[in-house]
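Reviewing the structure listed below.
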Amino acid sequence: MSNNEIKLRPTKGKITFKDDIILSVINLATKEIAGVSSVNTKYIHALQRWFNKNYSDGVKISYLNNSMTVDVYINVYYGYNVSEIAYRVQENIKNSIASMIDISIDNINVHVIGVDFSKAEDSDI
């Protein structure tokens, strides 16, 4: 995996991070939201997963001019308000990334791929 260099503030050296760290933070921030059943890994073909270094477990990131675009593919539990879940996922990802690195996030796209009927959770939304 390639390292991405983000200029945070004047330092005595350079700061780099691996994409795996960002992908893990986004994945965890997504799964923290009530109503999210799972992060969907089936939207992208297996060969594309192997060759796309910015993809991991239903999360895809892309960079353009020191800003980031995030795509998250999720399944939600039946009975929850989908738009509310998507908004909460966006906010949680934005806050998690902002607390970790100084990079502007252009878009956080939440793609609801399916509804999980297997486990009936009480919806509090």
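Residues are named by chain letter and number: chains run A, B, ... in the order of the structure tokens, numbers start at 1 in each chain, and ligands are numbered from 1 in the order shown.
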
_List the spatial neighbours of region 21-30 of chain A as a PyMOL selection string - criterion: any atom at most 9 Å away, only C-alpha atoms, same-chain residues fewer than 5 positions off excluded._
chain A and resi 36+38-39+54-61+70+72+74+88-90+92-97+100

*Can you tell me, as a list in words, what residues are no more than 7 Å from Asp106 (chain A) when counting only C-alpha atoms, ignoring any on the same chain fewer than 3 positions away?*
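Surrounding residues, per the criterion: Ser67, Met68 and Thr69 of chain A.
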
Using all heavy atoms, can you write the selected residues to a file as a compact mmCIF listing (two decimals), in the first residue's frame?
# COMPACT_ATOMS: atom_id res chain seq x y z
N SER A 67 -7.65 16.69 -0.41
CA SER A 67 -8.99 16.49 0.14
C SER A 67 -9.41 15.05 -0.17
O SER A 67 -8.87 14.42 -1.06
CB SER A 67 -9.99 17.49 -0.42
OG SER A 67 -10.14 17.28 -1.80
N MET A 68 -10.37 14.57 0.57
CA MET A 68 -10.75 13.17 0.51
C MET A 68 -12.23 13.03 0.20
O MET A 68 -13.06 13.82 0.64
CB MET A 68 -10.47 12.54 1.88
CG MET A 68 -10.80 11.08 1.99
SD MET A 68 -10.67 10.40 3.68
CE MET A 68 -9.14 11.04 4.26
N THR A 69 -12.55 11.99 -0.57
CA THR A 69 -13.93 11.57 -0.79
C THR A 69 -14.06 10.14 -0.28
O THR A 69 -13.21 9.30 -0.57
CB THR A 69 -14.30 11.62 -2.28
OG1 THR A 69 -14.19 12.97 -2.73
CG2 THR A 69 -15.71 11.13 -2.52

*asked:* When you count only C-alpha atoms, which of these residues is closest to Val112 (chain A): A:Ser99, A:Asn75, A:Asn81, A:Tyr63?
replied: A:Asn75

*Nearest to Glu91 (chain A) by atom-to-atom distance, counting only C-alpha atoms, from A:Ile113, A:Lys12, A:Asn107, A:Val76*: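 Residue with the minimum atom-to-atom distance to Glu91 (chain A): A:Asn107.
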